[in-house]
Structure formats: C-alpha cells, structure tokens
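So this one's target.pdb, PDB, C-alpha atoms, pLDDT in the B column:
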ATOM      1  CA  ASN H 202      43.943 -15.301  54.532  1.00 68.00           C
ATOM      2  CA  ALA H 203      43.450 -18.933  55.516  1.00 80.00           C
ATOM      3  CA  GLY H 204      41.335 -19.721  52.511  1.00 93.00           C
ATOM      4  CA  VAL H 205      38.161 -21.745  52.618  1.00 97.00           C
ATOM      5  CA  ILE H 206      38.229 -24.037  55.650  1.00 97.00           C
ATOM      6  CA  GLN H 207      36.442 -27.363  55.632  1.00 98.00           C
ATOM      7  CA  THR H 208      36.068 -29.651  58.601  1.00 97.00           C
ATOM      8  CA  PRO H 209      36.512 -32.456  59.173  1.00 97.00           C
ATOM      9  CA  ARG H 210      39.029 -33.427  56.505  1.00 97.00           C
ATOM     10  CA  HIS H 211      37.992 -37.046  56.735  1.00 97.00           C
ATOM     11  CA  LYS H 212      34.789 -38.557  58.048  1.00 97.00           C
ATOM     12  CA  VAL H 213      33.875 -42.203  58.285  1.00 97.00           C
ATOM     13  CA  THR H 214      30.270 -43.162  58.943  1.00 97.00           C
ATOM     14  CA  GLY H 215      28.354 -46.371  59.065  1.00 96.00           C
ATOM     15  CA  LYS H 216      25.517 -46.971  56.659  1.00 96.00           C
ATOM     16  CA  GLY H 217      22.384 -45.219  57.919  1.00 97.00           C
ATOM     17  CA  GLN H 218      24.197 -42.709  60.103  1.00 97.00           C
ATOM     18  CA  GLU H 219      24.084 -38.941  59.666  1.00 97.00           C
ATOM     19  CA  ALA H 220      27.023 -36.854  58.481  1.00 98.00           C
ATOM     20  CA  THR H 221      27.423 -33.092  58.846  1.00 98.00           C
ATOM     21  CA  LEU H 222      30.117 -31.304  56.916  1.00 98.00           C
ATOM     22  CA  TRP H 223      31.257 -27.783  57.775  1.00 98.00           C
ATOM     23  CA  CYS H 224      32.550 -24.968  55.656  1.00 98.00           C
ATOM     24  CA  GLU H 225      33.959 -21.581  56.608  1.00 97.00           C
ATOM     25  CA  PRO H 226      34.169 -19.351  53.541  1.00 97.00           C
ATOM     26  CA  ILE H 227      36.758 -16.672  53.020  1.00 96.00           C
ATOM     27  CA  SER H 228      35.784 -13.590  54.982  1.00 94.00           C
ATOM     28  CA  GLY H 229      33.954 -11.071  52.831  1.00 92.00           C
ATOM     29  CA  HIS H 230      32.928 -13.518  50.122  1.00 93.00           C
ATOM     30  CA  SER H 231      29.220 -13.289  49.411  1.00 89.00           C
ATOM     31  CA  ALA H 232      28.611 -16.654  47.754  1.00 92.00           C
ATOM     32  CA  VAL H 233      29.215 -20.196  48.969  1.00 96.00           C
ATOM     33  CA  PHE H 234      29.063 -23.318  46.845  1.00 96.00           C
ATOM     34  CA  TRP H 235      29.064 -27.041  47.484  1.00 97.00           C
ATOM     35  CA  TYR H 236      30.420 -29.543  44.966  1.00 96.00           C
ATOM     36  CA  ARG H 237      30.869 -33.298  45.136  1.00 97.00           C
ATOM     37  CA  GLN H 238      33.859 -35.058  43.605  1.00 96.00           C
ATOM     38  CA  THR H 239      34.027 -38.747  42.720  1.00 95.00           C
ATOM     39  CA  ILE H 240      36.169 -40.769  40.364  1.00 90.00           C
ATOM     40  CA  VAL H 241      33.152 -41.790  38.291  1.00 89.00           C
ATOM     41  CA  GLN H 242      31.170 -38.543  38.139  1.00 89.00           C
ATOM     42  CA  GLY H 243      33.969 -36.021  38.537  1.00 91.00           C
ATOM     43  CA  LEU H 244      33.064 -32.608  39.968  1.00 93.00           C
ATOM     44  CA  GLU H 245      29.336 -32.102  40.380  1.00 93.00           C
ATOM     45  CA  PHE H 246      27.596 -28.920  41.470  1.00 92.00           C
ATOM     46  CA  LEU H 247      25.273 -29.422  44.415  1.00 96.00           C
ATOM     47  CA  THR H 248      24.030 -26.073  45.680  1.00 96.00           C
ATOM     48  CA  TYR H 249      24.906 -22.476  46.335  1.00 93.00           C
ATOM     49  CA  PHE H 250      24.072 -19.543  48.580  1.00 95.00           C
ATOM     50  CA  ARG H 251      24.434 -15.840  47.982  1.00 93.00           C
ATOM     51  CA  ASN H 252      24.372 -13.500  50.966  1.00 93.00           C
ATOM     52  CA  GLN H 253      23.263 -16.529  53.001  1.00 95.00           C
ATOM     53  CA  ALA H 254      20.142 -17.085  50.897  1.00 95.00           C
ATOM     54  CA  PRO H 255      19.763 -20.375  49.006  1.00 95.00           C
ATOM     55  CA  ILE H 256      19.855 -19.595  45.297  1.00 92.00           C
ATOM     56  CA  ASP H 257      20.158 -22.871  43.434  1.00 92.00           C
ATOM     57  CA  ASP H 258      19.995 -26.398  44.809  1.00 94.00           C
ATOM     58  CA  SER H 259      19.403 -28.142  41.512  1.00 92.00           C
ATOM     59  CA  GLY H 260      22.334 -30.499  42.019  1.00 92.00           C
ATOM     60  CA  MET H 261      21.281 -31.729  45.412  1.00 95.00           C
ATOM     61  CA  PRO H 262      19.809 -35.217  45.685  1.00 93.00           C
ATOM     62  CA  LYS H 263      16.176 -34.684  46.623  1.00 88.00           C
ATOM     63  CA  GLU H 264      16.266 -36.991  49.585  1.00 92.00           C
ATOM     64  CA  ARG H 265      18.615 -37.092  52.550  1.00 96.00           C
ATOM     65  CA  PHE H 266      20.760 -34.075  51.517  1.00 97.00           C
ATOM     66  CA  SER H 267      20.298 -30.585  52.913  1.00 97.00           C
ATOM     67  CA  ALA H 268      22.455 -27.470  53.136  1.00 97.00           C
ATOM     68  CA  GLN H 269      22.225 -24.399  55.275  1.00 97.00           C
ATOM     69  CA  MET H 270      24.028 -21.142  55.758  1.00 97.00           C
ATOM     70  CA  PRO H 271      22.899 -19.746  59.107  1.00 94.00           C
ATOM     71  CA  ASN H 272      25.416 -16.898  59.057  1.00 93.00           C
ATOM     72  CA  GLN H 273      28.008 -15.417  56.715  1.00 92.00           C
ATOM     73  CA  SER H 274      30.852 -17.300  58.361  1.00 94.00           C
ATOM     74  CA  HIS H 275      29.749 -20.867  57.888  1.00 95.00           C
ATOM     75  CA  SER H 276      27.698 -23.296  55.867  1.00 98.00           C
ATOM     76  CA  THR H 277      26.821 -26.914  56.536  1.00 98.00           C
ATOM     77  CA  LEU H 278      25.975 -29.855  54.328  1.00 98.00           C
ATOM     78  CA  LYS H 279      24.005 -32.563  56.078  1.00 98.00           C
ATOM     79  CA  ILE H 280      23.477 -36.052  54.756  1.00 98.00           C
ATOM     80  CA  GLN H 281      20.923 -38.169  56.582  1.00 97.00           C
ATOM     81  CA  SER H 282      20.928 -41.943  56.523  1.00 97.00           C
ATOM     82  CA  THR H 283      24.221 -42.102  54.628  1.00 97.00           C
ATOM     83  CA  GLN H 284      24.641 -44.759  51.965  1.00 97.00           C
ATOM     84  CA  PRO H 285      27.833 -46.206  50.447  1.00 96.00           C
ATOM     85  CA  GLN H 286      27.158 -44.309  47.214  1.00 95.00           C
ATOM     86  CA  ASP H 287      27.457 -41.044  49.175  1.00 97.00           C
ATOM     87  CA  SER H 288      31.182 -41.720  49.590  1.00 97.00           C
ATOM     88  CA  ALA H 289      32.972 -38.846  47.893  1.00 97.00           C
ATOM     89  CA  VAL H 290      35.015 -35.730  48.497  1.00 97.00           C
ATOM     90  CA  TYR H 291      32.708 -32.831  49.267  1.00 98.00           C
ATOM     91  CA  LEU H 292      34.158 -29.488  48.277  1.00 98.00           C
ATOM     92  CA  CYS H 293      33.069 -26.103  49.497  1.00 98.00           C
ATOM     93  CA  ALA H 294      33.979 -22.935  47.623  1.00 96.00           C
ATOM     94  CA  SER H 295      33.409 -19.228  48.037  1.00 95.00           C
ATOM     95  CA  SER H 296      33.600 -16.540  45.405  1.00 90.00           C
ATOM     96  CA  SER H 297      34.823 -13.019  44.981  1.00 80.00           C
ATOM     97  CA  GLN H 298      35.632 -10.956  41.905  1.00 73.00           C
ATOM     98  CA  ASN H 299      34.403 -13.654  39.570  1.00 72.00           C
ATOM     99  CA  THR H 300      36.725 -16.333  40.931  1.00 83.00           C
ATOM    100  CA  LEU H 301      35.769 -19.505  42.785  1.00 89.00           C
ATOM    101  CA  TYR H 302      38.074 -20.508  45.659  1.00 93.00           C
ATOM    102  CA  PHE H 303      37.813 -24.103  46.820  1.00 96.00           C
ATOM    103  CA  GLY H 304      38.585 -25.600  50.184  1.00 97.00           C
ATOM    104  CA  ALA H 305      40.587 -28.807  50.515  1.00 97.00           C
ATOM    105  CA  GLY H 306      37.413 -30.842  50.866  1.00 97.00           C
ATOM    106  CA  THR H 307      35.974 -33.389  53.263  1.00 98.00           C
ATOM    107  CA  ARG H 308      36.466 -37.004  52.290  1.00 97.00           C
ATOM    108  CA  LEU H 309      33.360 -38.924  53.369  1.00 98.00           C
ATOM    109  CA  SER H 310      33.597 -42.691  53.553  1.00 97.00           C
ATOM    110  CA  VAL H 311      30.405 -44.635  54.231  1.00 97.00           C
ATOM    111  CA  LEU H 312      31.056 -48.201  55.289  1.00 95.00           C
TER     112      LEU H 312
ATOM    113  CA  GLY D  64      22.605 -29.068  28.507  1.00 84.00           C
ATOM    114  CA  ASP D  65      26.080 -27.615  28.849  1.00 88.00           C
ATOM    115  CA  SER D  66      28.993 -30.028  28.735  1.00 92.00           C
ATOM    116  CA  VAL D  67      32.778 -30.073  28.763  1.00 94.00           C
ATOM    117  CA  THR D  68      34.817 -32.906  27.275  1.00 95.00           C
ATOM    118  CA  GLN D  69      38.353 -33.876  28.207  1.00 94.00           C
ATOM    119  CA  LYS D  70      39.188 -37.122  26.458  1.00 89.00           C
ATOM    120  CA  GLN D  71      42.668 -37.560  27.862  1.00 89.00           C
ATOM    121  CA  GLY D  72      42.363 -39.273  31.211  1.00 91.00           C
ATOM    122  CA  GLN D  73      46.079 -39.355  31.860  1.00 95.00           C
ATOM    123  CA  VAL D  74      49.135 -37.816  30.264  1.00 96.00           C
ATOM    124  CA  THR D  75      52.695 -38.829  31.118  1.00 97.00           C
ATOM    125  CA  LEU D  76      55.561 -36.606  30.055  1.00 97.00           C
ATOM    126  CA  SER D  77      59.225 -36.055  30.802  1.00 98.00           C
ATOM    127  CA  GLU D  78      60.521 -32.764  32.139  1.00 97.00           C
ATOM    128  CA  ASP D  79      60.875 -30.070  29.466  1.00 97.00           C
ATOM    129  CA  ASP D  80      58.319 -31.797  27.208  1.00 98.00           C
ATOM    130  CA  PHE D  81      55.526 -29.804  25.575  1.00 97.00           C
ATOM    131  CA  LEU D  82      52.103 -30.173  27.179  1.00 97.00           C
ATOM    132  CA  PHE D  83      48.817 -30.149  25.306  1.00 96.00           C
ATOM    133  CA  ILE D  84      45.539 -31.024  27.025  1.00 95.00           C
ATOM    134  CA  ASN D  85      42.475 -31.105  24.858  1.00 92.00           C
ATOM    135  CA  CYS D  86      39.205 -29.522  25.985  1.00 94.00           C
ATOM    136  CA  THR D  87      36.023 -28.976  23.997  1.00 94.00           C
ATOM    137  CA  TYR D  88      32.742 -27.596  25.192  1.00 93.00           C
ATOM    138  CA  SER D  89      29.110 -27.494  24.210  1.00 92.00           C
ATOM    139  CA  THR D  90      26.712 -24.737  25.158  1.00 89.00           C
ATOM    140  CA  THR D  91      24.240 -22.390  23.576  1.00 83.00           C
ATOM    141  CA  THR D  92      26.074 -19.152  24.316  1.00 83.00           C
ATOM    142  CA  TYR D  93      29.594 -17.806  24.742  1.00 81.00           C
ATOM    143  CA  PRO D  94      30.612 -18.825  28.235  1.00 87.00           C
ATOM    144  CA  THR D  95      33.544 -17.956  30.414  1.00 90.00           C
ATOM    145  CA  LEU D  96      36.087 -20.774  30.157  1.00 92.00           C
ATOM    146  CA  LEU D  97      38.453 -21.818  32.898  1.00 94.00           C
ATOM    147  CA  TRP D  98      41.248 -24.215  33.744  1.00 96.00           C
ATOM    148  CA  TYR D  99      41.616 -25.413  37.317  1.00 97.00           C
ATOM    149  CA  VAL D 100      44.501 -27.449  38.722  1.00 97.00           C
ATOM    150  CA  GLN D 101      44.211 -29.830  41.653  1.00 97.00           C
ATOM    151  CA  TYR D 102      47.229 -31.063  43.579  1.00 96.00           C
ATOM    152  CA  PRO D 103      46.985 -34.125  45.854  1.00 92.00           C
ATOM    153  CA  GLY D 104      45.107 -33.419  49.061  1.00 91.00           C
ATOM    154  CA  GLN D 105      43.977 -29.991  47.916  1.00 94.00           C
ATOM    155  CA  GLY D 106      40.922 -28.475  46.321  1.00 95.00           C
ATOM    156  CA  PRO D 107      40.973 -27.244  42.745  1.00 96.00           C
ATOM    157  CA  GLN D 108      42.598 -23.852  42.285  1.00 95.00           C
ATOM    158  CA  LEU D 109      42.117 -21.489  39.395  1.00 94.00           C
ATOM    159  CA  LEU D 110      44.896 -21.624  36.838  1.00 96.00           C
ATOM    160  CA  LEU D 111      43.474 -19.307  34.213  1.00 94.00           C
ATOM    161  CA  LYS D 112      40.217 -17.869  33.002  1.00 91.00           C
ATOM    162  CA  VAL D 113      39.160 -16.492  29.637  1.00 90.00           C
ATOM    163  CA  THR D 114      36.075 -14.611  28.584  1.00 83.00           C
ATOM    164  CA  THR D 115      34.863 -13.676  25.129  1.00 76.00           C
ATOM    165  CA  ALA D 116      36.434 -10.279  25.708  1.00 73.00           C
ATOM    166  CA  ASN D 117      40.037 -11.406  26.011  1.00 75.00           C
ATOM    167  CA  ASN D 118      40.249 -14.771  24.166  1.00 83.00           C
ATOM    168  CA  LYS D 119      43.553 -15.927  25.655  1.00 89.00           C
ATOM    169  CA  GLY D 120      44.700 -16.658  29.175  1.00 90.00           C
ATOM    170  CA  ILE D 121      48.281 -17.033  30.376  1.00 92.00           C
ATOM    171  CA  SER D 122      49.389 -18.009  33.841  1.00 94.00           C
ATOM    172  CA  ARG D 123      52.494 -19.633  35.335  1.00 93.00           C
ATOM    173  CA  GLY D 124      53.689 -20.587  31.863  1.00 96.00           C
ATOM    174  CA  PHE D 125      50.357 -22.178  30.895  1.00 97.00           C
ATOM    175  CA  GLU D 126      48.315 -20.808  28.036  1.00 95.00           C
ATOM    176  CA  ALA D 127      44.820 -21.426  26.701  1.00 93.00           C
ATOM    177  CA  THR D 128      42.998 -19.794  23.808  1.00 88.00           C
ATOM    178  CA  TYR D 129      39.247 -19.484  23.458  1.00 85.00           C
ATOM    179  CA  ASP D 130      38.275 -20.773  20.001  1.00 86.00           C
ATOM    180  CA  LYS D 131      34.595 -20.181  19.312  1.00 85.00           C
ATOM    181  CA  GLY D 132      34.829 -21.740  15.871  1.00 87.00           C
ATOM    182  CA  THR D 133      35.918 -25.147  17.105  1.00 89.00           C
ATOM    183  CA  THR D 134      34.414 -24.678  20.617  1.00 90.00           C
ATOM    184  CA  SER D 135      37.766 -25.622  22.113  1.00 91.00           C
ATOM    185  CA  PHE D 136      39.901 -24.336  24.966  1.00 92.00           C
ATOM    186  CA  HIS D 137      43.054 -26.427  24.937  1.00 92.00           C
ATOM    187  CA  LEU D 138      45.719 -25.999  27.616  1.00 95.00           C
ATOM    188  CA  GLN D 139      49.373 -25.747  26.598  1.00 96.00           C
ATOM    189  CA  LYS D 140      52.725 -25.330  28.233  1.00 97.00           C
ATOM    190  CA  ALA D 141      56.020 -25.214  26.412  1.00 97.00           C
ATOM    191  CA  SER D 142      58.135 -27.009  28.993  1.00 97.00           C
ATOM    192  CA  VAL D 143      56.662 -28.961  31.905  1.00 97.00           C
ATOM    193  CA  GLN D 144      58.318 -29.564  35.233  1.00 97.00           C
ATOM    194  CA  GLU D 145      57.848 -32.337  37.758  1.00 97.00           C
ATOM    195  CA  SER D 146      56.011 -29.846  39.986  1.00 96.00           C
ATOM    196  CA  ASP D 147      53.313 -29.530  37.317  1.00 97.00           C
ATOM    197  CA  SER D 148      52.138 -33.053  38.109  1.00 97.00           C
ATOM    198  CA  ALA D 149      48.483 -32.666  39.077  1.00 97.00           C
ATOM    199  CA  VAL D 150      44.958 -33.069  37.736  1.00 97.00           C
ATOM    200  CA  TYR D 151      43.799 -30.384  35.319  1.00 97.00           C
ATOM    201  CA  PHE D 152      40.113 -29.558  34.873  1.00 97.00           C
ATOM    202  CA  CYS D 153      38.545 -27.567  32.104  1.00 96.00           C
ATOM    203  CA  ALA D 154      35.305 -25.806  33.063  1.00 94.00           C
ATOM    204  CA  LEU D 155      32.708 -23.457  31.703  1.00 91.00           C
ATOM    205  CA  ASP D 156      30.571 -20.866  33.410  1.00 89.00           C
ATOM    206  CA  ASN D 157      27.480 -20.106  31.394  1.00 82.00           C
ATOM    207  CA  THR D 158      25.436 -18.390  34.033  1.00 75.00           C
ATOM    208  CA  GLY D 159      27.791 -15.829  35.474  1.00 71.00           C
ATOM    209  CA  ASN D 160      26.905 -17.305  38.847  1.00 68.00           C
ATOM    210  CA  TYR D 161      29.905 -19.652  39.064  1.00 72.00           C
ATOM    211  CA  LYS D 162      27.746 -22.756  38.624  1.00 80.00           C
ATOM    212  CA  TYR D 163      30.586 -24.305  36.741  1.00 88.00           C
ATOM    213  CA  VAL D 164      30.382 -27.387  34.548  1.00 91.00           C
ATOM    214  CA  PHE D 165      33.640 -29.302  34.833  1.00 93.00           C
ATOM    215  CA  GLY D 166      35.318 -31.740  32.499  1.00 94.00           C
ATOM    216  CA  ALA D 167      36.371 -35.150  33.785  1.00 94.00           C
ATOM    217  CA  GLY D 168      39.921 -33.991  34.398  1.00 95.00           C
ATOM    218  CA  THR D 169      43.294 -34.959  32.960  1.00 96.00           C
ATOM    219  CA  ARG D 170      45.914 -36.377  35.282  1.00 96.00           C
ATOM    220  CA  LEU D 171      49.365 -35.119  34.319  1.00 97.00           C
ATOM    221  CA  LYS D 172      52.408 -37.027  35.501  1.00 97.00           C
ATOM    222  CA  VAL D 173      55.784 -35.478  34.781  1.00 97.00           C
ATOM    223  CA  ILE D 174      58.827 -37.699  35.174  1.00 97.00           C
ATOM    224  CA  ALA D 175      62.105 -36.073  36.143  1.00 92.00           C
TER     225      ALA D 175
END

Would you mind writing the file's structure down as structure tokens?
Amino acid sequence: NAGVIQTPRHKVTGKGQEATLWCEPISGHSAVFWYRQTIVQGLEFLTYFRNQAPIDDSGMPKERFSAQMPNQSHSTLKIQSTQPQDSAVYLCASSSQNTLYFGAGTRLSVL
Amino acid sequence: GDSVTQKQGQVTLSEDDFLFINCTYSTTTYPTLLWYVQYPGQGPQLLLKVTTANNKGISRGFEATYDKGTTSFHLQKASVQESDSAVYFCALDNTGNYKYVFGAGTRLKVIA
C-alpha cells in the first residue's frame, strides 16, 4: 500500500500561469478530499468527491479553482491564473473505515 | 460555525517530560474528535480518534479524553521522546463525511 500519492511534490509557477495538481487515492477508497495548508490559515477544506461524484465544494474559491475526478484512480485540482496568495501546500486525502489518509502534499509556489 | 481552538503555537520540552496540548471545540452537536500528527515533509496522519461512544482514545502512548462538559479534547503523553517532535492538530468531524475542521496546530519540539 503506497498510500495517497500526490504529484508533483513541488511546483513553481509564475503569476498568471496555470497549475494542475494530481492525486492518486488509495485503491478501494471511495472518497477523495482536497485541503489547503498555509501558515496563516492552517488546514482548510476545499472539496470532496464520493464515488467520483462531487459532493461538497464549499471550500473552493469561486474563481480560478476547479477539481475533477474522472476515474476512481485519480483526481486533479486545477488553479487558473495563479496568484501569489495561492502559494500553499495542497493536500489530498482518501477515506476508508471512517479514517482520512493524507498524501504528502504538493507545495505550490507562485512567484 | 464549528471551530477548534489550539492556543499553544509551540511547545518545547525535554525528553521524558510530560506533554499536555490544549484543545477546545465549539459545535452544536457531539462530534467525532481527532488528533493528527504531521512530521516534516509528510501529510497529517491520524494519531487517535474518539467518538461519543468511547470517550477516550489511546495510541502510541498518547491519550485524549472527550469532555463534553468543558468541550475539550486535550492531548497528553506521560514521557515524550525526541521522535515525537512534530506538529499536532486537533480536529472535529461534525458531519460524518470527514469534512474536518482543524485547529491551528501545536508544534512540539523535544530536546534530547
């Protein structure tokens, strides 16, 4: 069991560029979550999918952020026109038996 | 809305010291309460979880008790080791859907 896999581990983008973050959940887990972690705001819920269907995206910024789960083996978080305030660690997690398992995260740096 | 408060931003201890990390929560129901630990370069990992059914969680020498009266869920360990150095997050799950609300985290540094 490799755990939740997130790629890339680090991404650097210029202001205004697009960033796509990838997540491979643990095989067999039915729910996938995205969180954002910053020093100032801590861990913030963004969105989650269950059985590939979007269930709750109440934490997602309304503009520029989107998430998809095209199949049960991966989910993506896309940020269009990145801004310096988007710099954060983006964490993906999957769940089974009432436990949330996090990946190591993608550190996004917007210059 | 739901909230979790961890007032201690950083705690520095020596090995074999007693650890106490304060966590209080605010919500309208009786949530599941959790402690996660995050080591450098890793994502948070579950340390222990407590529901209203069991009241106390114990894992790897850490212990936390669900106190509905004071709405607290403090984390304790009798004797810390240098390997316990990490960031500890208290969290609540009020929806049963794992949409956790996390506290700000407490960075523990244990000096050998």

Write out as JSON lines the residues of chain H that have any atom within 10 Å of an atom of chain D, one row each with the nearest atom pair and its distance in Å to one decimal, counting only C-alpha atoms, sorted by chain and then rising number.
{"residue": "H:Val205", "atom": "CA", "partner": "D:Gly106", "partner_atom": "CA", "distance": 9.6}
{"residue": "H:Arg210", "atom": "CA", "partner": "D:Gly104", "partner_atom": "CA", "distance": 9.6}
{"residue": "H:Ala232", "atom": "CA", "partner": "D:Asn160", "partner_atom": "CA", "distance": 9.1}
{"residue": "H:Val233", "atom": "CA", "partner": "D:Tyr161", "partner_atom": "CA", "distance": 9.9}
{"residue": "H:Phe234", "atom": "CA", "partner": "D:Lys162", "partner_atom": "CA", "distance": 8.3}
{"residue": "H:Trp235", "atom": "CA", "partner": "D:Lys162", "partner_atom": "CA", "distance": 9.9}
{"residue": "H:Tyr236", "atom": "CA", "partner": "D:Lys162", "partner_atom": "CA", "distance": 9.7}
{"residue": "H:Thr239", "atom": "CA", "partner": "D:Ala167", "partner_atom": "CA", "distance": 9.9}
{"residue": "H:Ile240", "atom": "CA", "partner": "D:Ala167", "partner_atom": "CA", "distance": 8.7}
{"residue": "H:Val241", "atom": "CA", "partner": "D:Ala167", "partner_atom": "CA", "distance": 8.6}
{"residue": "H:Gln242", "atom": "CA", "partner": "D:Ala167", "partner_atom": "CA", "distance": 7.6}
{"residue": "H:Gly243", "atom": "CA", "partner": "D:Ala167", "partner_atom": "CA", "distance": 5.4}
{"residue": "H:Leu244", "atom": "CA", "partner": "D:Phe165", "partner_atom": "CA", "distance": 6.1}
{"residue": "H:Glu245", "atom": "CA", "partner": "D:Phe165", "partner_atom": "CA", "distance": 7.6}
{"residue": "H:Phe246", "atom": "CA", "partner": "D:Lys162", "partner_atom": "CA", "distance": 6.8}
{"residue": "H:Leu247", "atom": "CA", "partner": "D:Lys162", "partner_atom": "CA", "distance": 9.2}
{"residue": "H:Thr248", "atom": "CA", "partner": "D:Lys162", "partner_atom": "CA", "distance": 8.6}
{"residue": "H:Tyr249", "atom": "CA", "partner": "D:Lys162", "partner_atom": "CA", "distance": 8.2}
{"residue": "H:Arg251", "atom": "CA", "partner": "D:Asn160", "partner_atom": "CA", "distance": 9.6}
{"residue": "H:Ile256", "atom": "CA", "partner": "D:Asn160", "partner_atom": "CA", "distance": 9.8}
{"residue": "H:Asp257", "atom": "CA", "partner": "D:Lys162", "partner_atom": "CA", "distance": 9.0}
{"residue": "H:Val290", "atom": "CA", "partner": "D:Gly106", "partner_atom": "CA", "distance": 9.6}
{"residue": "H:Tyr291", "atom": "CA", "partner": "D:Gly106", "partner_atom": "CA", "distance": 9.8}
{"residue": "H:Leu292", "atom": "CA", "partner": "D:Gly106", "partner_atom": "CA", "distance": 7.1}
{"residue": "H:Cys293", "atom": "CA", "partner": "D:Gly106", "partner_atom": "CA", "distance": 8.8}
{"residue": "H:Ala294", "atom": "CA", "partner": "D:Gly106", "partner_atom": "CA", "distance": 9.0}
{"residue": "H:Ser295", "atom": "CA", "partner": "D:Tyr161", "partner_atom": "CA", "distance": 9.6}
{"residue": "H:Ser296", "atom": "CA", "partner": "D:Tyr161", "partner_atom": "CA", "distance": 8.0}
{"residue": "H:Asn299", "atom": "CA", "partner": "D:Tyr161", "partner_atom": "CA", "distance": 7.5}
{"residue": "H:Thr300", "atom": "CA", "partner": "D:Leu109", "partner_atom": "CA", "distance": 7.6}
{"residue": "H:Leu301", "atom": "CA", "partner": "D:Tyr161", "partner_atom": "CA", "distance": 6.9}
{"residue": "H:Tyr302", "atom": "CA", "partner": "D:Gln108", "partner_atom": "CA", "distance": 6.6}
{"residue": "H:Phe303", "atom": "CA", "partner": "D:Gly106", "partner_atom": "CA", "distance": 5.4}
{"residue": "H:Gly304", "atom": "CA", "partner": "D:Gly106", "partner_atom": "CA", "distance": 5.4}
{"residue": "H:Ala305", "atom": "CA", "partner": "D:Gly106", "partner_atom": "CA", "distance": 4.2}
{"residue": "H:Gly306", "atom": "CA", "partner": "D:Gly106", "partner_atom": "CA", "distance": 6.2}
{"residue": "H:Thr307", "atom": "CA", "partner": "D:Gly106", "partner_atom": "CA", "distance": 9.8}
{"residue": "H:Arg308", "atom": "CA", "partner": "D:Gly104", "partner_atom": "CA", "distance": 9.9}

Original post:
In Å, how far is it from atom CA of Val311 of chain H to atom CA of Gln73 of chain D?
Top reply: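 Taking atom CA of Val311 of chain H as the start and atom CA of Gln73 of chain D as the end point, the length is 27.8 Å.
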
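Between atom CA of Glu264 of chain H and atom CA of Gly217 of chain H the interatomic distance comes to 13.2 Å.
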
From atom CA of Ile84 of chain D to atom CA of Phe125 of chain D the spacing works out at 10.8 Å

Any chance you could work out the axis-aligned box around segment 127-136 of chain D, listed atoms only, 4 Å on each side, giving centre and edge lengths in Å to one decimal, as lines of an AutoDock Vina configuration file?
center_x = 39.6
center_y = -22.6
center_z = 21.3
size_x = 18.4
size_y = 14.1
size_z = 18.8

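When you apply the PyMOL selection byres ((chain H and resi 218) around 9) to this structure, what comes back is Thr214, Gly215, Lys216, Gly217, Glu219, Ala220, Ile280, Gln281, Ser282, Thr283, Gln284 and Val311 of chain H.
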
Notebook entry, point to check: Taking (42.4, -21.1, 30.9) in the file's coordinates as the center, which residues reach within 12 Å of it, counting all atoms listed in the file, put as JSON, numbers by chain?
Noted result: {"D": [84, 85, 86, 95, 96, 97, 98, 99, 100, 108, 109, 110, 111, 112, 113, 114, 117, 118, 119, 120, 121, 122, 123, 124, 125, 126, 127, 128, 129, 130, 135, 136, 137, 138, 139, 140, 151, 152, 153, 154, 155]}

Please list, as a ChimeraX atom specification, the residues that have an atom at most 7 Å away from (55.4, -33.7, 35.4) in the coordinates of this file, counting all atoms listed in the file. /D:76-78,143-148,171-174

Writer output for current selection, C-alpha atoms, as an mmCIF file, keeping the file's coordinate frame:
data_model
loop_
_atom_site.group_PDB
_atom_site.id
_atom_site.type_symbol
_atom_site.label_atom_id
_atom_site.label_comp_id
_atom_site.auth_asym_id
_atom_site.auth_seq_id
_atom_site.Cartn_x
_atom_site.Cartn_y
_atom_site.Cartn_z
ATOM 1 C CA LEU D 76 55.561 -36.606 30.055
ATOM 2 C CA SER D 77 59.225 -36.055 30.802
ATOM 3 C CA GLU D 78 60.521 -32.764 32.139
ATOM 4 C CA VAL D 143 56.662 -28.961 31.905
ATOM 5 C CA GLN D 144 58.318 -29.564 35.233
ATOM 6 C CA GLU D 145 57.848 -32.337 37.758
ATOM 7 C CA SER D 146 56.011 -29.846 39.986
ATOM 8 C CA ASP D 147 53.313 -29.530 37.317
ATOM 9 C CA SER D 148 52.138 -33.053 38.109
ATOM 10 C CA LEU D 171 49.365 -35.119 34.319
ATOM 11 C CA LYS D 172 52.408 -37.027 35.501
ATOM 12 C CA VAL D 173 55.784 -35.478 34.781
ATOM 13 C CA ILE D 174 58.827 -37.699 35.174
#

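Residues with any atom within 6 Å of Ser288 of chain H, counting only C-alpha atoms and excluding same-chain neighbours fewer than 2 positions away, are Pro285, Gln286, Leu309, Ser310 and Val311 of chain H.
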
Once the PyMOL selection byres ((chain H and resi 231) around 10) is applied to the coordinates I shared, what remains selected? I want it as a count of residues only.
17
